[in-house]
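Asks: Handing over entry_18.txt, compact mmCIF, C-alpha atoms.
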```txt
# COMPACT_ATOMS: atom_id res chain seq x y z
CA MET A 1 -55.05 -76.77 28.21
CA ALA A 2 -55.68 -78.83 25.08
CA ALA A 3 -54.50 -77.34 21.81
CA PRO A 4 -57.29 -75.80 19.69
CA VAL A 5 -58.62 -78.03 16.93
CA GLU A 6 -58.70 -76.61 13.42
CA VAL A 7 -61.45 -77.94 11.17
CA ALA A 8 -62.39 -77.51 7.53
CA VAL A 9 -66.04 -76.75 6.71
CA CYS A 10 -67.12 -77.52 3.12
CA THR A 11 -70.22 -77.60 0.92
CA ASP A 12 -70.87 -78.48 -2.72
CA SER A 13 -73.68 -77.62 -5.10
CA SER A 14 -75.01 -81.19 -5.46
CA ALA A 15 -75.64 -82.03 -1.77
CA GLN A 16 -76.11 -85.70 -2.70
CA LEU A 17 -74.65 -87.12 0.51
CA TRP A 18 -74.96 -84.12 2.85
CA SER A 19 -75.43 -80.36 2.80
CA CYS A 20 -72.24 -79.62 4.74
CA VAL A 21 -69.28 -81.64 6.02
CA VAL A 22 -66.80 -80.79 8.79
CA TRP A 23 -63.45 -82.61 8.97
CA GLU A 24 -60.29 -82.27 11.02
CA LEU A 25 -57.80 -80.26 8.99
CA HIS A 26 -54.58 -82.15 9.69
CA SER A 27 -55.85 -85.75 9.89
CA GLY A 28 -58.71 -85.53 7.38
CA ALA A 29 -61.08 -87.39 9.74
CA ASN A 30 -64.79 -86.60 9.25
CA LEU A 31 -66.31 -85.05 12.37
CA LEU A 32 -69.82 -83.90 11.42
CA THR A 33 -72.21 -83.84 8.47
CA TYR A 34 -75.37 -81.76 8.09
CA ARG A 35 -78.30 -82.65 5.83
CA GLY A 36 -81.08 -80.55 4.34
CA GLY A 37 -80.51 -78.46 1.19
CA GLN A 38 -77.82 -77.02 -1.07
CA ALA A 39 -75.68 -74.12 0.22
CA GLY A 40 -74.94 -71.40 -2.32
CA PRO A 41 -71.56 -69.67 -2.86
CA ARG A 42 -70.50 -67.33 -0.01
CA GLY A 43 -73.63 -68.57 1.77
CA LEU A 44 -72.30 -70.55 4.74
CA THR A 45 -71.61 -69.03 8.16
CA LEU A 46 -71.52 -69.79 11.89
CA LEU A 47 -73.79 -67.88 14.26
CA ASN A 48 -72.35 -67.20 17.71
CA GLY A 49 -70.60 -70.59 17.71
CA GLU A 50 -73.96 -72.31 18.23
CA TYR A 51 -75.75 -72.51 14.88
CA LEU A 52 -74.71 -73.26 11.32
CA LEU A 53 -76.52 -71.16 8.70
CA ALA A 54 -76.65 -71.92 4.97
CA ALA A 55 -78.27 -69.76 2.29
CA GLN A 56 -79.98 -72.19 -0.08
CA LEU A 57 -78.90 -72.13 -3.70
CA GLY A 58 -81.51 -70.27 -5.77
CA LYS A 59 -84.14 -70.40 -3.01
CA ASN A 60 -85.63 -67.79 -0.73
CA TYR A 61 -84.72 -69.28 2.65
CA ILE A 62 -81.77 -69.91 4.95
CA SER A 63 -81.32 -73.28 6.65
CA ALA A 64 -80.24 -73.33 10.29
CA TRP A 65 -78.83 -76.26 12.29
CA GLU A 66 -77.77 -76.53 15.90
CA LEU A 67 -74.13 -77.57 15.70
CA GLN A 68 -74.73 -80.84 17.55
CA ARG A 69 -78.18 -81.75 16.19
CA LYS A 70 -76.77 -82.21 12.72
CA ASP A 71 -79.34 -84.61 11.29
CA GLN A 72 -82.32 -82.44 12.10
CA LEU A 73 -82.91 -79.18 10.24
CA GLN A 74 -83.86 -76.80 13.03
CA GLN A 75 -85.38 -73.90 11.18
CA LYS A 76 -85.96 -72.32 7.80
CA ILE A 77 -85.47 -68.56 7.84
CA MET A 78 -87.74 -67.25 5.10
CA CYS A 79 -86.44 -64.31 3.05
CA PRO A 80 -88.03 -61.93 0.50
CA GLY A 81 -86.01 -63.52 -2.33
CA PRO A 82 -83.10 -65.86 -3.15
CA VAL A 83 -80.08 -65.14 -0.94
CA THR A 84 -76.87 -64.58 -2.92
CA CYS A 85 -74.50 -64.27 0.07
CA LEU A 86 -74.69 -64.48 3.86
CA THR A 87 -72.63 -63.56 6.92
CA THR A 88 -73.01 -62.95 10.66
CA SER A 89 -71.23 -60.53 12.99
CA PRO A 90 -68.43 -62.06 15.11
CA ASN A 91 -70.22 -60.97 18.29
CA GLY A 92 -73.29 -62.97 17.24
CA LEU A 93 -75.73 -60.06 17.40
CA TYR A 94 -76.48 -59.42 13.71
CA MET A 95 -77.03 -61.30 10.46
CA LEU A 96 -76.52 -59.91 6.95
CA ALA A 97 -77.93 -61.32 3.71
CA GLY A 98 -77.58 -60.16 0.12
CA ILE A 99 -80.86 -60.44 -1.75
CA ALA A 100 -80.68 -59.18 -5.35
CA GLU A 101 -79.06 -55.72 -5.11
CA SER A 102 -80.10 -55.08 -1.47
CA ILE A 103 -78.51 -55.83 1.91
CA TYR A 104 -80.82 -57.06 4.68
CA LEU A 105 -79.71 -56.61 8.30
CA TRP A 106 -81.42 -58.60 11.09
CA GLU A 107 -81.02 -58.46 14.84
CA VAL A 108 -80.48 -62.05 15.96
CA SER A 109 -81.92 -61.73 19.49
CA THR A 110 -85.34 -60.51 18.30
CA GLY A 111 -85.47 -61.54 14.64
CA ASN A 112 -86.34 -57.97 13.68
CA LEU A 113 -85.34 -56.76 10.22
CA LEU A 114 -83.61 -53.51 11.16
CA VAL A 115 -82.70 -51.99 7.80
CA ILE A 116 -82.58 -52.65 4.06
CA LEU A 117 -79.65 -51.03 2.24
CA SER A 118 -80.05 -50.50 -1.49
CA ARG A 119 -76.92 -48.73 -2.71
CA HIS A 120 -75.73 -51.40 -5.15
CA TYR A 121 -77.01 -51.41 -8.72
CA GLN A 122 -76.71 -55.15 -9.38
CA ASP A 123 -76.73 -58.38 -7.36
CA ILE A 124 -74.53 -58.53 -4.27
CA SER A 125 -71.87 -61.26 -4.48
CA CYS A 126 -70.13 -61.12 -1.08
CA LEU A 127 -70.54 -59.71 2.43
CA GLN A 128 -68.10 -59.57 5.36
CA PHE A 129 -67.87 -58.08 8.85
CA THR A 130 -64.69 -56.73 10.39
CA GLY A 131 -63.30 -58.74 13.30
CA ASP A 132 -64.77 -56.38 15.92
CA SER A 133 -68.24 -56.19 14.25
CA SER A 134 -67.96 -52.40 13.93
CA HIS A 135 -68.04 -52.34 10.10
CA PHE A 136 -69.17 -54.55 7.27
CA LEU A 137 -68.33 -54.63 3.57
CA SER A 138 -70.38 -55.50 0.51
CA GLY A 139 -69.23 -56.33 -3.00
CA GLY A 140 -71.45 -56.68 -6.05
CA LYS A 141 -71.69 -57.38 -9.73
CA ASP A 142 -71.83 -53.60 -10.26
CA CYS A 143 -68.02 -53.56 -9.67
CA LEU A 144 -68.43 -51.63 -6.39
CA VAL A 145 -67.20 -52.42 -2.88
CA LEU A 146 -68.97 -50.46 -0.13
CA VAL A 147 -67.74 -50.04 3.46
CA TRP A 148 -70.50 -49.51 6.04
CA SER A 149 -70.26 -48.40 9.66
CA LEU A 150 -72.70 -50.57 11.61
CA CYS A 151 -73.27 -47.83 14.19
CA SER A 152 -74.15 -45.28 11.50
CA VAL A 153 -76.49 -47.71 9.74
CA LEU A 154 -78.39 -48.50 12.95
CA GLN A 155 -78.64 -44.91 14.20
CA VAL A 156 -79.62 -43.19 10.98
CA ASP A 157 -82.89 -41.28 10.93
CA SER A 158 -85.66 -43.33 9.28
CA SER A 159 -86.34 -40.42 6.93
CA ARG A 160 -82.74 -40.51 5.59
CA THR A 161 -81.02 -43.11 3.48
CA PRO A 162 -77.95 -44.67 5.14
CA ALA A 163 -74.73 -43.83 3.33
CA PRO A 164 -71.60 -46.02 3.17
CA ARG A 165 -68.41 -44.78 4.78
CA HIS A 166 -66.37 -45.56 1.64
CA VAL A 167 -67.21 -46.38 -1.97
CA TRP A 168 -64.41 -48.25 -3.75
CA SER A 169 -65.02 -48.10 -7.49
CA HIS A 170 -61.61 -48.95 -8.97
CA HIS A 171 -62.63 -52.40 -10.24
CA THR A 172 -64.03 -52.53 -13.78
CA LEU A 173 -65.77 -55.94 -13.69
CA PRO A 174 -67.91 -57.76 -11.07
CA ILE A 175 -66.49 -58.39 -7.60
CA THR A 176 -65.98 -62.11 -6.96
CA ASP A 177 -64.58 -62.26 -3.43
CA MET A 178 -63.07 -60.22 -0.62
CA HIS A 179 -61.16 -60.85 2.57
CA CYS A 180 -61.02 -58.61 5.65
CA GLY A 181 -57.84 -58.81 7.70
CA PHE A 182 -57.30 -58.44 11.42
CA GLY A 183 -57.61 -55.06 13.13
CA GLY A 184 -61.27 -54.01 13.18
CA PRO A 185 -61.65 -50.47 11.78
CA LEU A 186 -57.89 -50.40 11.07
CA ALA A 187 -57.98 -53.60 9.02
CA ARG A 188 -56.85 -54.04 5.44
CA VAL A 189 -59.23 -55.54 2.88
CA ALA A 190 -58.38 -57.54 -0.25
CA THR A 191 -60.92 -57.51 -3.10
CA ALA A 192 -60.91 -59.79 -6.16
CA SER A 193 -62.60 -59.21 -9.49
CA LEU A 194 -63.12 -60.64 -12.94
CA ASP A 195 -61.06 -57.70 -14.23
CA GLN A 196 -57.97 -59.82 -13.40
CA THR A 197 -56.90 -57.65 -10.46
CA VAL A 198 -56.74 -57.99 -6.70
CA LYS A 199 -56.69 -54.73 -4.76
CA LEU A 200 -55.65 -54.08 -1.18
CA TRP A 201 -57.42 -51.29 0.75
CA GLU A 202 -57.28 -49.63 4.14
CA ILE A 203 -60.60 -49.23 5.94
CA SER A 204 -59.61 -46.31 8.18
CA SER A 205 -58.57 -44.00 5.34
CA GLY A 206 -60.33 -45.68 2.44
CA GLU A 207 -57.11 -45.53 0.41
CA LEU A 208 -56.00 -48.03 -2.20
CA LEU A 209 -52.70 -49.52 -1.01
CA LEU A 210 -51.86 -52.02 -3.73
CA SER A 211 -53.23 -53.31 -7.04
CA VAL A 212 -51.94 -56.60 -8.49
CA LEU A 213 -52.69 -57.53 -12.12
CA PHE A 214 -52.88 -61.19 -13.17
CA ASP A 215 -53.27 -63.02 -16.50
CA VAL A 216 -56.67 -64.49 -15.55
CA GLY A 217 -59.79 -63.48 -13.68
CA ILE A 218 -59.54 -63.94 -9.91
CA MET A 219 -62.41 -65.85 -8.25
CA ALA A 220 -61.19 -66.09 -4.62
CA VAL A 221 -58.78 -64.25 -2.32
CA THR A 222 -57.52 -64.62 1.24
CA MET A 223 -54.58 -63.62 3.46
CA ASP A 224 -52.73 -65.27 6.31
CA LEU A 225 -53.33 -63.85 9.79
CA ALA A 226 -49.99 -62.03 9.82
CA GLU A 227 -50.86 -60.53 6.39
CA HIS A 228 -47.46 -61.42 4.97
CA HIS A 229 -48.97 -63.27 2.01
CA MET A 230 -52.08 -62.92 -0.14
CA PHE A 231 -53.45 -65.95 -2.00
CA CYS A 232 -55.50 -65.49 -5.18
CA GLY A 233 -57.48 -68.24 -6.91
CA GLY A 234 -57.65 -68.02 -10.71
CA SER A 235 -60.45 -68.90 -13.11
CA GLU A 236 -58.28 -71.60 -14.75
CA GLY A 237 -57.39 -73.42 -11.51
CA SER A 238 -54.07 -71.90 -10.41
CA ILE A 239 -53.52 -70.28 -7.02
CA PHE A 240 -51.09 -67.36 -6.88
CA GLN A 241 -49.12 -66.30 -3.78
CA VAL A 242 -48.40 -62.57 -3.51
CA ASP A 243 -45.83 -61.52 -0.92
CA LEU A 244 -47.06 -58.26 0.58
CA CYS A 245 -43.76 -57.33 2.26
CA THR A 246 -41.61 -57.26 -0.89
CA TRP A 247 -42.93 -54.08 -2.53
CA PRO A 248 -42.55 -51.20 -0.08
CA GLY A 249 -44.05 -48.05 -1.52
CA GLN A 250 -45.15 -49.76 -4.75
CA SER A 251 -48.87 -49.35 -5.47
CA GLU A 252 -49.13 -51.37 -8.69
CA LYS A 253 -47.69 -54.76 -9.57
CA SER A 254 -48.08 -57.30 -12.39
CA PHE A 255 -47.86 -60.95 -11.41
CA GLN A 256 -45.91 -62.84 -14.09
CA SER A 257 -46.63 -66.55 -13.84
CA GLU A 258 -43.45 -67.44 -15.75
CA GLN A 259 -41.16 -65.33 -13.58
CA ASP A 260 -43.01 -66.10 -10.32
CA SER A 261 -43.46 -69.83 -10.96
CA GLY A 262 -42.30 -70.60 -7.42
CA LYS A 263 -45.32 -68.69 -6.13
CA VAL A 264 -48.00 -70.74 -7.93
CA PHE A 265 -50.00 -73.70 -6.58
CA LYS A 266 -50.99 -76.04 -9.42
CA GLY A 267 -53.40 -78.97 -9.19
CA HIS A 268 -56.99 -77.81 -9.69
CA ARG A 269 -58.46 -78.38 -13.17
CA ASN A 270 -61.19 -75.71 -12.95
CA GLN A 271 -61.75 -72.33 -11.36
CA VAL A 272 -60.87 -71.91 -7.68
CA THR A 273 -63.91 -70.76 -5.71
CA CYS A 274 -62.73 -70.75 -2.07
CA LEU A 275 -59.49 -70.11 -0.20
CA SER A 276 -58.61 -70.17 3.51
CA VAL A 277 -55.36 -70.23 5.53
CA SER A 278 -54.71 -72.06 8.80
CA THR A 279 -54.05 -70.15 12.01
CA ASP A 280 -50.28 -70.68 11.92
CA GLY A 281 -50.03 -69.77 8.22
CA SER A 282 -48.57 -73.14 7.18
CA VAL A 283 -51.56 -74.70 5.40
CA LEU A 284 -53.80 -73.42 2.60
CA LEU A 285 -57.28 -74.85 1.91
CA SER A 286 -58.80 -74.47 -1.55
CA GLY A 287 -62.10 -75.48 -3.16
CA SER A 288 -62.78 -75.65 -6.87
CA HIS A 289 -65.38 -76.31 -9.55
CA ASP A 290 -63.42 -79.50 -10.32
CA GLU A 291 -65.32 -80.99 -7.33
CA THR A 292 -62.26 -81.25 -5.07
CA VAL A 293 -61.04 -79.59 -1.88
CA ARG A 294 -57.26 -79.54 -1.55
CA VAL A 295 -54.96 -78.95 1.42
CA TRP A 296 -51.60 -77.42 0.51
CA ASP A 297 -48.32 -76.98 2.35
CA ILE A 298 -47.62 -73.29 1.77
CA GLN A 299 -43.84 -73.46 2.03
CA SER A 300 -43.37 -76.29 -0.50
CA LYS A 301 -46.50 -75.55 -2.62
CA GLN A 302 -47.29 -79.29 -2.51
CA CYS A 303 -50.80 -80.72 -2.19
CA ILE A 304 -50.88 -82.87 0.95
CA ARG A 305 -54.54 -83.95 0.84
CA THR A 306 -57.32 -84.06 -1.74
CA VAL A 307 -60.97 -84.56 -0.76
CA THR A 308 -63.34 -85.36 -3.62
CA LEU A 309 -66.93 -84.12 -3.35
CA LYS A 310 -69.98 -84.80 -5.54
CA GLY A 311 -70.28 -81.37 -7.16
CA PRO A 312 -68.59 -77.99 -7.60
CA VAL A 313 -67.36 -76.66 -4.25
CA THR A 314 -69.40 -73.65 -3.11
CA ASN A 315 -67.88 -73.03 0.35
CA ALA A 316 -64.66 -74.15 2.06
CA PHE A 317 -62.96 -72.48 5.01
CA ILE A 318 -60.77 -73.24 8.02
CA MET A 319 -61.80 -72.29 11.55
CA LEU A 320 -61.00 -73.09 15.16
CA ALA A 321 -63.71 -75.53 16.25
CA PRO A 322 -66.02 -73.96 18.87
CA VAL A 323 -66.71 -75.88 22.08
CA SER A 324 -70.27 -76.55 20.92
CA MET A 325 -69.01 -78.46 17.88
CA LEU A 326 -66.91 -80.92 19.90
CA SER A 327 -69.19 -81.41 22.90
CA SER A 328 -72.17 -83.73 22.32
CA ASP A 329 -73.99 -82.34 25.38
CA PHE A 330 -73.86 -78.71 24.29
CA ARG A 331 -77.10 -76.88 23.53
CA PRO A 332 -77.56 -73.26 22.37
CA SER A 333 -78.03 -70.68 25.09
CA LEU A 334 -81.09 -69.26 23.31
CA PRO A 335 -83.38 -70.59 20.56
CA LEU A 336 -83.45 -68.81 17.23
CA PRO A 337 -86.33 -66.33 16.96
CA HIS A 338 -88.69 -65.96 14.03
CA PHE A 339 -86.93 -63.72 11.49
CA ASN A 340 -89.18 -61.07 9.94
CA LYS A 341 -89.29 -60.60 6.17
CA HIS A 342 -90.42 -56.98 6.48
CA LEU A 343 -89.10 -53.95 8.29
CA LEU A 344 -90.57 -53.46 11.74
CA GLY A 345 -93.92 -51.72 11.34
CA ALA A 346 -93.90 -52.04 7.54
CA GLU A 347 -95.92 -55.24 7.23
CA HIS A 348 -99.44 -54.96 5.89
CA GLY A 349 -101.75 -54.40 8.82
CA ASP A 350 -98.88 -54.15 11.27
CA GLU A 351 -99.00 -50.90 13.21
CA GLN A 352 -95.86 -49.35 14.58
CA ARG A 353 -95.37 -50.47 18.16
CA ARG A 354 -95.72 -47.68 20.69
CA GLY A 355 -94.73 -47.66 24.31
CA GLY A 356 -93.06 -51.06 24.05
CA LEU A 357 -89.72 -52.18 25.37
CA THR A 358 -87.11 -53.57 22.98
CA LEU A 359 -84.76 -55.99 24.72
CA ARG A 360 -81.49 -56.52 22.86
CA LEU A 361 -79.97 -59.71 24.21
CA GLY A 362 -76.23 -59.91 24.23
CA LEU A 363 -75.62 -56.40 25.57
CA HIS A 364 -75.16 -57.86 29.07
CA GLN A 365 -72.02 -59.56 27.80
CA GLN A 366 -70.27 -56.33 26.86
CA GLY A 367 -68.84 -55.69 30.30
CA SER A 368 -67.47 -59.23 30.65
CA GLU A 369 -66.16 -59.70 27.12
CA PRO A 370 -62.40 -59.32 26.61
CA SER A 371 -61.27 -56.12 24.94
CA TYR A 372 -60.08 -56.09 21.36
CA LEU A 373 -56.44 -55.87 22.52
CA GLU A 374 -56.94 -58.85 24.83
CA ARG A 375 -58.46 -60.88 22.00
CA ALA A 376 -55.51 -59.94 19.78
CA GLU A 377 -53.11 -61.15 22.46
CA GLN A 378 -55.08 -64.41 22.83
CA LEU A 379 -54.93 -64.98 19.08
CA HIS A 380 -51.19 -64.26 19.08
CA MET A 381 -50.73 -66.85 21.83
CA VAL A 382 -52.68 -69.43 19.83
CA MET A 383 -50.55 -68.74 16.74
CA CYS A 384 -47.32 -69.04 18.73
CA SER A 385 -48.40 -72.30 20.42
CA THR A 386 -49.36 -73.83 17.07
CA MET A 387 -46.08 -72.77 15.50
CA GLU A 388 -44.08 -74.23 18.38
CA LYS A 389 -45.89 -77.53 17.93
CA ASN A 390 -45.45 -77.72 14.14
CA VAL A 391 -42.04 -76.13 13.50
CA LEU A 392 -38.98 -78.26 14.19
CA GLY A 393 -36.28 -76.28 15.94
CA GLY A 394 -36.17 -72.54 16.58
CA GLN A 395 -38.15 -72.77 19.86
CA ASP A 396 -35.60 -70.63 21.68
CA GLN A 397 -35.88 -67.86 19.09
CA LEU A 398 -39.65 -68.04 19.29
CA ARG A 399 -39.61 -67.67 23.07
CA ILE A 400 -37.19 -64.75 22.85
CA ARG A 401 -39.37 -63.06 20.24
CA ILE A 402 -42.51 -63.65 22.33
CA THR A 403 -40.79 -62.12 25.35
CA GLU A 404 -39.78 -59.09 23.28
CA LEU A 405 -43.34 -58.66 22.03
CA GLU A 406 -44.76 -58.97 25.54
CA ASP A 407 -42.33 -56.30 26.76
CA GLU A 408 -43.34 -54.07 23.87
CA VAL A 409 -47.04 -54.51 24.69
CA GLN A 410 -46.39 -53.63 28.33
CA ASN A 411 -44.42 -50.53 27.28
CA LEU A 412 -47.24 -49.42 24.97
CA ARG A 413 -49.76 -49.93 27.75
CA LYS A 414 -47.66 -47.75 30.07
CA ILE A 415 -47.39 -45.02 27.43
CA ASN A 416 -51.15 -45.18 26.85
CA ARG A 417 -51.84 -44.96 30.60
CA ASP A 418 -49.46 -42.01 31.01
CA LEU A 419 -51.08 -40.19 28.08
CA PHE A 420 -54.51 -40.80 29.55
CA ASP A 421 -53.46 -39.49 32.99
CA PHE A 422 -51.85 -36.42 31.44
CA SER A 423 -54.93 -35.68 29.31
CA THR A 424 -57.18 -36.11 32.34
CA ARG A 425 -55.15 -33.63 34.39
CA ILE A 426 -55.22 -31.07 31.56
CA ILE A 427 -58.99 -31.43 31.00
CA THR A 428 -59.93 -31.37 34.68
CA ARG A 429 -57.54 -28.55 35.65
CA PRO A 430 -59.62 -25.66 37.02
CA THR A 431 -59.56 -22.47 34.98
CA LYS A 432 -58.15 -19.36 36.65
```
Could you take the file, read its structure, and then write that structure out as structure tokens?

Replies:
Amino acid sequence: MAAPVEVAVCTDSSAQLWSCVVWELHSGANLLTYRGGQAGPRGLTLLNGEYLLAAQLGKNYISAWELQRKDQLQQKIMCPGPVTCLTTSPNGLYMLAGIAESIYLWEVSTGNLLVILSRHYQDISCLQFTGDSSHFLSGGKDCLVLVWSLCSVLQVDSSRTPAPRHVWSHHTLPITDMHCGFGGPLARVATASLDQTVKLWEISSGELLLSVLFDVGIMAVTMDLAEHHMFCGGSEGSIFQVDLCTWPGQSEKSFQSEQDSGKVFKGHRNQVTCLSVSTDGSVLLSGSHDETVRVWDIQSKQCIRTVTLKGPVTNAFIMLAPVSMLSSDFRPSLPLPHFNKHLLGAEHGDEQRRGGLTLRLGLHQQGSEPSYLERAEQLHMVMCSTMEKNVLGGQDQLRIRITELEDEVQNLRKINRDLFDFSTRIITRPTK
């Protein structure tokens, strides 16, 4: 099986040559360009590995391209107002957009606007789903980060206002970025703010795990997949590396640039707006208002590639290229529907549908989709294969460690199966 291809996806605010460019991360070769508008910050996302969506800067619509029909704008998704941030669920069933201080949630299969959440007091700056699509997070200029359970939001009575699962209010200035780690509802979340802090949270308990204070405002944050390191982009162009495994039990930390000079990436001349880490944790991608995208070697802190754009970088991230991006014959399984601007039944002259059947496409895949544990194992295998290819020496230790981890997974599965069988016998035991 061919090794997965990692690509960098970038946009700038000028869009003179193209709206979005995709290039191979390690060689720098251009693969695809998309034309038709200017993508705003935190406004670029992939939908189900088949469409590229871009919220247009200062405009009230979202541009959509089929991944292979790059020169033809497929659709404009009209919205009630300018979109400040955009994301889609990893399972491809839902789309979220921040419009002013409200969150709009659409169902992709039907285009229905399912709910409008208005719990922020100022404009929303960033949105993110967890890896299993069970929760999503919103951060705003009101200094709040809200954690929402998707199930609770969809099942709430129409007469009640949906409530977030957690409200994180420890930041004192607007939220600029956030990153959700691996683990679904057990994931850890990093939030960045103009108050010069980055905070690490736990979704399951809602607790604050760590707060790191810097000398400058933080505009971007990300973590590697193993969550050993956190990378924070400053307003003056520096990128700071925070090692998460060096402070056991410590909940507050001040990052001293002079003392921690070996943990600083220097090269950008203006604020860092985007950060992303490669699958194997060896490469860091950064975008800046200095109109450059840089690729860094994390171990040496050296810049190994600089790509100059025509304007301030608004989006830049690394991803594993989907099959549809590399195959010229690929076409989406379903066309995009018309996305409604109003809640179902709330349009003027639109009566509530009665006696109809709502078909939610995508539910048929639930039985055949791999479980979350299986996807975690697949991702671990990808990480190990990439490391074996890139790291010189140490293959024997890697194989030994992989074998140990596989044995541990099998042992945990056996324990889980035994606990399930024991619980089943207790529950089903007839009462005397």

Asks: In the coordinates of the file, take the point (-61.8, -51.4, -9.2) and a cut-off of 8 Å; then, counting only C-alpha atoms, name each qualifying protein, DNA or RNA residue as number ranges by chain.

Replies: A: 143-144, 168-173, 193, 199

Asks: Would you save the residues of that selection, restricted to C-alpha atoms, as an mmCIF file, keeping the file's coordinate frame?

Replies:
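Final output, again01.cif:
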```cif
data_model
loop_
_atom_site.group_PDB
_atom_site.id
_atom_site.type_symbol
_atom_site.label_atom_id
_atom_site.label_comp_id
_atom_site.auth_asym_id
_atom_site.auth_seq_id
_atom_site.Cartn_x
_atom_site.Cartn_y
_atom_site.Cartn_z
ATOM 1 C CA CYS A 143 -68.020 -53.560 -9.670
ATOM 2 C CA LEU A 144 -68.430 -51.630 -6.390
ATOM 3 C CA TRP A 168 -64.410 -48.250 -3.750
ATOM 4 C CA SER A 169 -65.020 -48.100 -7.490
ATOM 5 C CA HIS A 170 -61.610 -48.950 -8.970
ATOM 6 C CA HIS A 171 -62.630 -52.400 -10.240
ATOM 7 C CA THR A 172 -64.030 -52.530 -13.780
ATOM 8 C CA LEU A 173 -65.770 -55.940 -13.690
ATOM 9 C CA SER A 193 -62.600 -59.210 -9.490
ATOM 10 C CA LYS A 199 -56.690 -54.730 -4.760
#
```

Asks: Nearest to Lys141 (chain A): which of A:His380, A:His120, A:Arg401, A:Arg160 is it, counting all atoms listed in the file?

Replies: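 Of A:His380, A:His120, A:Arg401, A:Arg160, the one nearest Lys141 (chain A) is A:His120, counting all atoms listed in the file.
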
Asks: Would you mind listing what lies within 8 Å of Leu52 (chain A) as JSON, numbers by chain, with all atoms listed in the file counted and same-chain residues fewer than 5 positions away left out?

Replies: {"A": [44, 45, 46, 47, 64, 65, 66, 67]}

Asks: So how many Å separate CA of Thr222 (chain A) and CA of Leu275 (chain A), to one decimal?

Replies: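 We find that CA of Thr222 (chain A) and CA of Leu275 (chain A) lie 6.0 Å from each other.
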
Asks: Contacts of Glu258 (chain A) at 12 Å or less, counting only C-alpha atoms, minus same-chain residues fewer than 6 places along, as a PyMOL selection string?

Replies: chain A and resi 214-215+240+264

Asks: Write out as a PyMOL selection string each polymer residue whose atoms come within 10 Å of region 277-282 of chain A, counting all atoms listed in the file; drop sequence neighbours fewer than 4 positions from it.

Replies: chain A and resi 6-8+25+222-231+286+295-300+317-320+379-380+382-388+390-391

Asks: At a cut-off of 6 Å around the point (-60.3, -61.6, -12.5) (file coordinates), what residues fall inside when counting all atoms listed in the file? I'd like the answer as number ranges by chain.

Replies: A: 193-197, 216-218

Asks: I'd like the contact shell of Gly36 (chain A) - 12 Å cut-off, only C-alpha atoms, skipping same-chain residues fewer than 3 positions apart - returned as a PyMOL selection string.

Replies: chain A and resi 11+14-21+33+39+52-57+61-65+70-76

Asks: Which distance in Å separates CA of Leu105 (chain A) and CA of Ile124 (chain A), to one decimal?

Replies: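 According to the coordinates, CA of Leu105 (chain A) and CA of Ile124 (chain A) are separated by 13.7 Å.
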
Asks: At a cut-off of 9 Å, using all atoms listed in the file, what residues contact Thr84 (chain A)? Leave out same-chain residues fewer than 4 positions from it and give the result as number ranges by chain.

Replies: A: 40-43, 55-58, 97-100, 123-126

Asks: What does the distance between CA of Gly206 (chain A) and CA of Val115 (chain A) come to in Å, to one decimal place?

Replies: 23.9 Å

Asks: I need the residue nearest Phe182 (chain A) from this list: A:Pro82, A:Pro4, A:Gly111, A:Gly131. Use all atoms listed in the file for the distance.

Replies: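 Going through A:Pro82, A:Pro4, A:Gly111, A:Gly131 one by one, the smallest distance to Phe182 (chain A) is for A:Gly131.
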
Asks: Which of these, A:Leu334, A:Val22, A:Leu343, A:Cys151, has the shortest distance to Trp106 (chain A) once you count all atoms listed in the file?

Replies: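 Once distances to Trp106 (chain A) are computed over all atoms listed in the file, the minimum belongs to A:Leu343.
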